[in-house]
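Everything on this sheet refers to the single structure shown next.
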Amino acid sequence: SANLDRARAFAAEHPELLKVGETACSGLCDQGPGALINGHALPNLSAGRLDEVLAAMAADRPLADWPAEWFAIDDFIRHAGPLLQHRFAPGQLWDKVQAMGSDGFLAELEASGHRGRGGAGFPTHIKWRSCRDAPAEHRYVVCNADEGEPGTFKDRVLLSRHFDAVVEGMAICAEVIGARHGYLYLRGEYVTLADALQQRLDELRAVGVLGDHFSLHLHLGAGAYVCGEESALIESLEGKRGIPRNRPPFPVTHGFDGCPTVVNNVESFANAALIADHGASAFRAIGTDQSTGSKLHSVSGDVAHAGIYELPFGIAIHELLEQVGAPDAQAVLVGGPSGTLVPRSQFHRRIGWEDVATGGSLMVFARHRRLLDILGNFSHFFRFESCGFCTPCRAGTVIVDDILQSARGGHCGPRAAAQLDAARQTLSIASHCGLGHSVGDFFGRVLAEPDFAEALTPITGRGMSQLTITIDGQPVSADDGQTVLQAAHEAGVYIPHLCAHPHLSPFGSCRACMVRVNGRWQAACTHRVNDGDKVENDCSDINALRKHVIEMLFVDGNHYCPTCELSGNCQLQALAYQLGMEEPGFDLHYPVRTIDASHPQILLDRDRCIHCGLCERSHHEVDGKNAFCVGGRGEHARLEATCDSGRLADTDLDEADLAANICPVGALLHKHGNYATPIGERLYDTHTIAEIGNRYAHPLYRDPAGDADD
């Protein structure tokens, strides 16, 4: 966004004042754009407000002296139902439950049909009874206020507006299960609520609502999404790394400190207080038979009225959209990225455990939103929020995200689609906890939805013309419009190449990828497939031709591998070895080439240039710049700087540009490196082989700092 770009520009000028990073949802979806500065939320960050904030930083104004209105968060309660209208005297309902007795209130809770509001919908009375009946000396009550699901902010409103109801519900639970201690686990991004919540706990303790009979402690979380899972939350609460436990045993028998523990979310405890006050019948009168009561919805996205809506379970999605003002919705995400993406044709579906379950997030996407961008944002979120414990989630989320990011750029195909399906199935089946399962299930539902087929064509191939070709006699599926090289890559078939790159337009200059198609010689990187094409690739005469091409490239420049800084990491050298080139195949004629050392960070060594066009195309097509062109003809053709002076220093080339890092032979080198690279400073000492190996599958970005000595 423009705001992010301006903040980064300011940080570049004033690194001592500001460091800019990106974070997942911070609970400000109803009043974005938002930011967190030293843990303090800045909502509604307009361009004008950002100017004021940056000016305050430039003036070295302490954060404590910034205007209070900059931090003011509006709780947009658009529709209040029985829960948000509930009022009572502190301690009143705990006294009532104490008089009812544990069995009496559990019976009332069962009659109400209340189910946990966190998304799984487990019957609350079963959880509480199981904890109460587990043999133990100590029991605990834990409130899960780690509201990390993107698009969810209802708990923030309940904690700031109805905290007494949450505390009362926890005290009721403690009375029912026989617990004397409780913890409220608050998400790290809600740190600004902590002081007010602690003050209120102290006040309730002073009037006897809390005390020896039930003590309640506030615990600030570390900001990890996975800590929303109850066993991971308990691990974090115990001071350990937040990783979900093996289950069984479950927290109701072996929870905090190994003791029986009830973990419910903020809304669930507030509902317990409501049921204690008004009874099961009143609660059950709202909603449906299987989904009783009301539900808080955090509504955001392409709507006229974002905010909190308390509505009965069973409401149709189209009815909800009418209330929030979303006439142009193409899809609605119910329950966050781990929930259900509902297409427009299914807006008749109803929110509830019988149909579309939810933890409380409802994100609306208008028709102008690109579905691939939406999915790519969610896959990026899951990739960086995986706890990294189990293989399917740690590796699978990366695979899913890589494929979706490629698809966003239009670079995908049958092989990638098959990999995506395999990865998401593995996530669904083999993941250690619900996070991995939900990732796989979510993408499985979206990919299988017919209404999304057209939007997901780059991934699924549905709606595209499918072709079949053969490569060395083996059938290969291809998409209409693909080149032979692209189809081969998707099928896992290697064709040598130097000038081709998956994210750049076809070029065809190096001719190392020559194949025969239906008996005719073609460049695989530029020849588009036709149904039934017969491609010959790995044949002795074809490889002999490719070897001659590589030998010509060595004659065309001045390459001396033993003293080259890129020896061992040079695409030309690697291809020469692969094709069996042990000595020059043609007499060398040592062309006179010049070096441009004018740029402060990048050196252009024309002796090594193979005219692959990668730098020129990447600078134009990816970096959005135009520093390179080719001048001269025939043997005098050479890479030039596109400026009047002809000096690289006078172009807009930056060392972070892809163009400065993509050269396969080292014609563009980062300066300030040593000629002989000591062990510990070689490329392979700072970058894994996987990072630099398959350049066709993964663009080659080298960290200028990490490569300083290469």
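Residue numbering restarts at 1 for every chain of the structure tokens, chains are lettered A, B, ... in their displayed order, and ligands are numbered from 1 as they appear.
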Margin query: For Arg647 (chain A), find every residue with an atom within 9 Å (counting only C-alpha atoms), except residues of its own chain fewer than 3 positions away, and show them as a VMD selection string.
Written below: chain A and resid 596 to 599 640 to 644 650 to 651
Next item on the list: Name the residues of region 73-297 of chain A that fall into strand (DSSP E or B) according to DSSP on the backbone, using the chain letters and numbers of this document, as an NGL selection string.
Entry: :A and (77-79 or 115 or 123 or 140-145 or 181-186 or 215-220 or 261-265 or 287 or 292 or 294-297)
Writing out the chosen residues with N, CA and C atoms as a JSON list (two decimals), in the first residue's frame:
[["chain", "number", "residue", "atom", "x", "y", "z"],
["A", 77, "ILE", "N", -20.25, -1.56, 17.48],
["A", 77, "ILE", "CA", -21.31, -2.55, 17.73],
["A", 77, "ILE", "C", -22.51, -2.14, 16.90],
["A", 78, "ARG", "N", -22.69, -2.82, 15.78],
["A", 78, "ARG", "CA", -23.74, -2.46, 14.82],
["A", 78, "ARG", "C", -25.10, -3.05, 15.20],
["A", 79, "HIS", "N", -25.08, -4.23, 15.83],
["A", 79, "HIS", "CA", -26.34, -4.85, 16.23],
["A", 79, "HIS", "C", -26.11, -5.64, 17.51],
["A", 115, "ARG", "N", -22.87, -24.48, 23.03],
["A", 115, "ARG", "CA", -21.65, -25.09, 22.52],
["A", 115, "ARG", "C", -20.57, -24.02, 22.47],
["A", 123, "PRO", "N", -19.87, -29.30, 22.98],
["A", 123, "PRO", "CA", -20.87, -29.00, 24.02],
["A", 123, "PRO", "C", -20.21, -28.60, 25.34],
["A", 140, "TYR", "N", -8.23, -26.01, 37.12],
["A", 140, "TYR", "CA", -8.00, -24.64, 36.64],
["A", 140, "TYR", "C", -9.04, -24.27, 35.59],
["A", 141, "VAL", "N", -9.28, -22.96, 35.53],
["A", 141, "VAL", "CA", -10.13, -22.37, 34.49],
["A", 141, "VAL", "C", -9.26, -21.43, 33.66],
["A", 142, "VAL", "N", -9.29, -21.59, 32.34],
["A", 142, "VAL", "CA", -8.48, -20.76, 31.45],
["A", 142, "VAL", "C", -9.38, -20.14, 30.39],
["A", 143, "CYS", "N", -9.28, -18.83, 30.24],
["A", 143, "CYS", "CA", -10.01, -18.13, 29.18],
["A", 143, "CYS", "C", -9.07, -17.91, 28.01],
["A", 144, "ASN", "N", -9.45, -18.43, 26.87],
["A", 144, "ASN", "CA", -8.66, -18.27, 25.64],
["A", 144, "ASN", "C", -9.04, -16.95, 24.98],
["A", 145, "ALA", "N", -8.27, -15.91, 25.27],
["A", 145, "ALA", "CA", -8.47, -14.61, 24.65],
["A", 145, "ALA", "C", -7.37, -14.34, 23.63],
["A", 181, "HIS", "N", -8.35, -21.37, 40.90],
["A", 181, "HIS", "CA", -7.44, -20.49, 40.17],
["A", 181, "HIS", "C", -7.81, -20.46, 38.70],
["A", 182, "GLY", "N", -7.64, -19.28, 38.10],
["A", 182, "GLY", "CA", -7.92, -19.14, 36.68],
["A", 182, "GLY", "C", -6.93, -18.21, 36.02],
["A", 183, "TYR", "N", -6.84, -18.33, 34.70],
["A", 183, "TYR", "CA", -5.95, -17.49, 33.90],
["A", 183, "TYR", "C", -6.70, -16.97, 32.69],
["A", 184, "LEU", "N", -6.48, -15.70, 32.41],
["A", 184, "LEU", "CA", -6.98, -15.12, 31.17],
["A", 184, "LEU", "C", -5.78, -14.91, 30.25],
["A", 185, "TYR", "N", -5.72, -15.70, 29.18],
["A", 185, "TYR", "CA", -4.59, -15.66, 28.24],
["A", 185, "TYR", "C", -4.93, -14.66, 27.15],
["A", 186, "LEU", "N", -4.31, -13.48, 27.22],
["A", 186, "LEU", "CA", -4.61, -12.37, 26.31],
["A", 186, "LEU", "C", -3.62, -12.34, 25.16],
["A", 215, "SER", "N", -9.13, -16.97, 42.36],
["A", 215, "SER", "CA", -8.19, -15.93, 41.95],
["A", 215, "SER", "C", -7.99, -16.01, 40.44],
["A", 216, "LEU", "N", -7.95, -14.85, 39.81],
["A", 216, "LEU", "CA", -7.85, -14.78, 38.35],
["A", 216, "LEU", "C", -6.63, -13.95, 37.97],
["A", 217, "HIS", "N", -5.79, -14.52, 37.10],
["A", 217, "HIS", "CA", -4.53, -13.89, 36.72],
["A", 217, "HIS", "C", -4.52, -13.60, 35.22],
["A", 218, "LEU", "N", -3.98, -12.45, 34.87],
["A", 218, "LEU", "CA", -3.86, -12.05, 33.47],
["A", 218, "LEU", "C", -2.50, -12.49, 32.94],
["A", 219, "HIS", "N", -2.49, -13.16, 31.78],
["A", 219, "HIS", "CA", -1.25, -13.63, 31.17],
["A", 219, "HIS", "C", -1.21, -13.14, 29.73],
["A", 220, "LEU", "N", -0.15, -12.42, 29.38],
["A", 220, "LEU", "CA", -0.02, -11.87, 28.03],
["A", 220, "LEU", "C", 0.66, -12.89, 27.13],
["A", 261, "THR", "N", -8.34, -29.09, 33.45],
["A", 261, "THR", "CA", -8.45, -27.67, 33.09],
["A", 261, "THR", "C", -9.56, -27.47, 32.06],
["A", 262, "VAL", "N", -10.40, -26.49, 32.30],
["A", 262, "VAL", "CA", -11.39, -26.06, 31.31],
["A", 262, "VAL", "C", -10.80, -24.88, 30.54],
["A", 263, "VAL", "N", -10.76, -25.00, 29.22],
["A", 263, "VAL", "CA", -10.36, -23.89, 28.36],
["A", 263, "VAL", "C", -11.55, -23.54, 27.48],
["A", 264, "ASN", "N", -12.09, -22.36, 27.66],
["A", 264, "ASN", "CA", -13.15, -21.83, 26.79],
["A", 264, "ASN", "C", -12.75, -20.44, 26.33],
["A", 265, "ASN", "N", -13.41, -19.97, 25.28],
["A", 265, "ASN", "CA", -13.05, -18.64, 24.80],
["A", 265, "ASN", "C", -13.88, -17.56, 25.48],
["A", 287, "GLY", "N", -32.02, -18.92, 17.99],
["A", 287, "GLY", "CA", -31.18, -19.80, 17.20],
["A", 287, "GLY", "C", -31.95, -20.98, 16.65],
["A", 292, "THR", "N", -27.94, -23.20, 19.31],
["A", 292, "THR", "CA", -28.78, -22.35, 20.15],
["A", 292, "THR", "C", -28.09, -21.05, 20.50],
["A", 294, "SER", "N", -27.33, -16.78, 20.39],
["A", 294, "SER", "CA", -26.87, -15.82, 19.38],
["A", 294, "SER", "C", -25.38, -16.04, 19.13],
["A", 295, "LYS", "N", -24.89, -15.36, 18.10],
["A", 295, "LYS", "CA", -23.46, -15.45, 17.76],
["A", 295, "LYS", "C", -22.93, -14.07, 17.44],
["A", 296, "LEU", "N", -21.76, -13.75, 17.96],
["A", 296, "LEU", "CA", -21.10, -12.50, 17.61],
["A", 296, "LEU", "C", -20.31, -12.69, 16.33],
["A", 297, "HIS", "N", -20.50, -11.77, 15.39],
["A", 297, "HIS", "CA", -19.80, -11.82, 14.11],
["A", 297, "HIS", "C", -18.92, -10.58, 13.97]]
Next item on the list: Would you work out the distance separating CA of Ala222 (chain A) from CA of Arg187 (chain A), expressed in Å to one decimal?
Entry: 6.9 Å
Margin query: Which residues are close to His14 (chain A), i.e. within 9 Å by only C-alpha atoms, leaving aside same-chain residues fewer than 5 positions away? Reply as an MDAnalysis selection string.
Written below: chainID A and resid 9 19 58
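Residues lying within 7 Å of region 423-437 of chain A, counting only C-alpha atoms and ignoring same-chain neighbours fewer than 5 positions away, are Pro244, Cys390, Pro392, Cys393, Gly396, Ile399, Val400, Phe443 and Gly444 of chain A.
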Export C-alpha atoms of the chosen residues as a compact mmCIF listing (two decimals), in the first residue's frame?
# COMPACT_ATOMS: atom_id res chain seq x y z
CA PRO A 244 0.00 -28.40 20.51
CA CYS A 390 5.31 -31.49 12.38
CA PRO A 392 3.19 -31.87 7.00
CA CYS A 393 2.47 -28.39 8.37
CA GLY A 396 3.25 -28.40 3.46
CA ILE A 399 4.59 -25.88 -0.72
CA VAL A 400 1.01 -24.60 -0.81
CA PHE A 443 -7.93 -25.31 0.32
CA GLY A 444 -9.51 -28.65 -0.52
Next item on the list: Please provide the set of residues having any atom within 10 Å of Lys154 (chain A), restricted to only C-alpha atoms, with same-chain residues fewer than 3 positions apart removed, written as a list in words.
Entry: Gly27, Asp75, Phe76, Ile77, Glu147, Gly151, Val157, Leu158, Leu159, Val266, Glu267, Leu296, His297, Ser298, Val299, Gly307, Ile308, Tyr309, Glu310, Gly359, Gly360 and Ser361 of chain A
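Atom to atom, CA of Phe389 (chain A) and CA of Asn246 (chain A) stand 11.6 Å apart.
Among A:His162, A:His503, A:Arg200, A:Arg49, the residue with the shortest atom-to-atom distance to Ser406 (chain A), counting only C-alpha atoms, is A:His503.
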Note to self: Here is a test: counting only C-alpha atoms, which residue of A:Cys510, A:Arg638, A:Leu658, A:Asp30 is nearest to His305 (chain A)?
What the structure shows: A:Asp30
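Nearest residue to Gly410 (chain A) among A:Leu572, A:Tyr494, A:Ser505, A:Pro343 is A:Ser505, counting only C-alpha atoms.
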Note to self: Using only C-alpha atoms for the distances, tell me which of A:Ser379, A:Asn537, A:Thr340, A:Gln198 is nearest to Asp441 (chain A).
What the structure shows: A:Thr340
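Take the candidates A:His619, A:His636, A:Arg180, A:His318 and check each one against Asp556 (chain A) using only C-alpha atoms; the shortest distance goes to A:His636.
Interatomic distance, CA of Gln522 (chain A) against CA of Ile550 (chain A): 16.8 Å.
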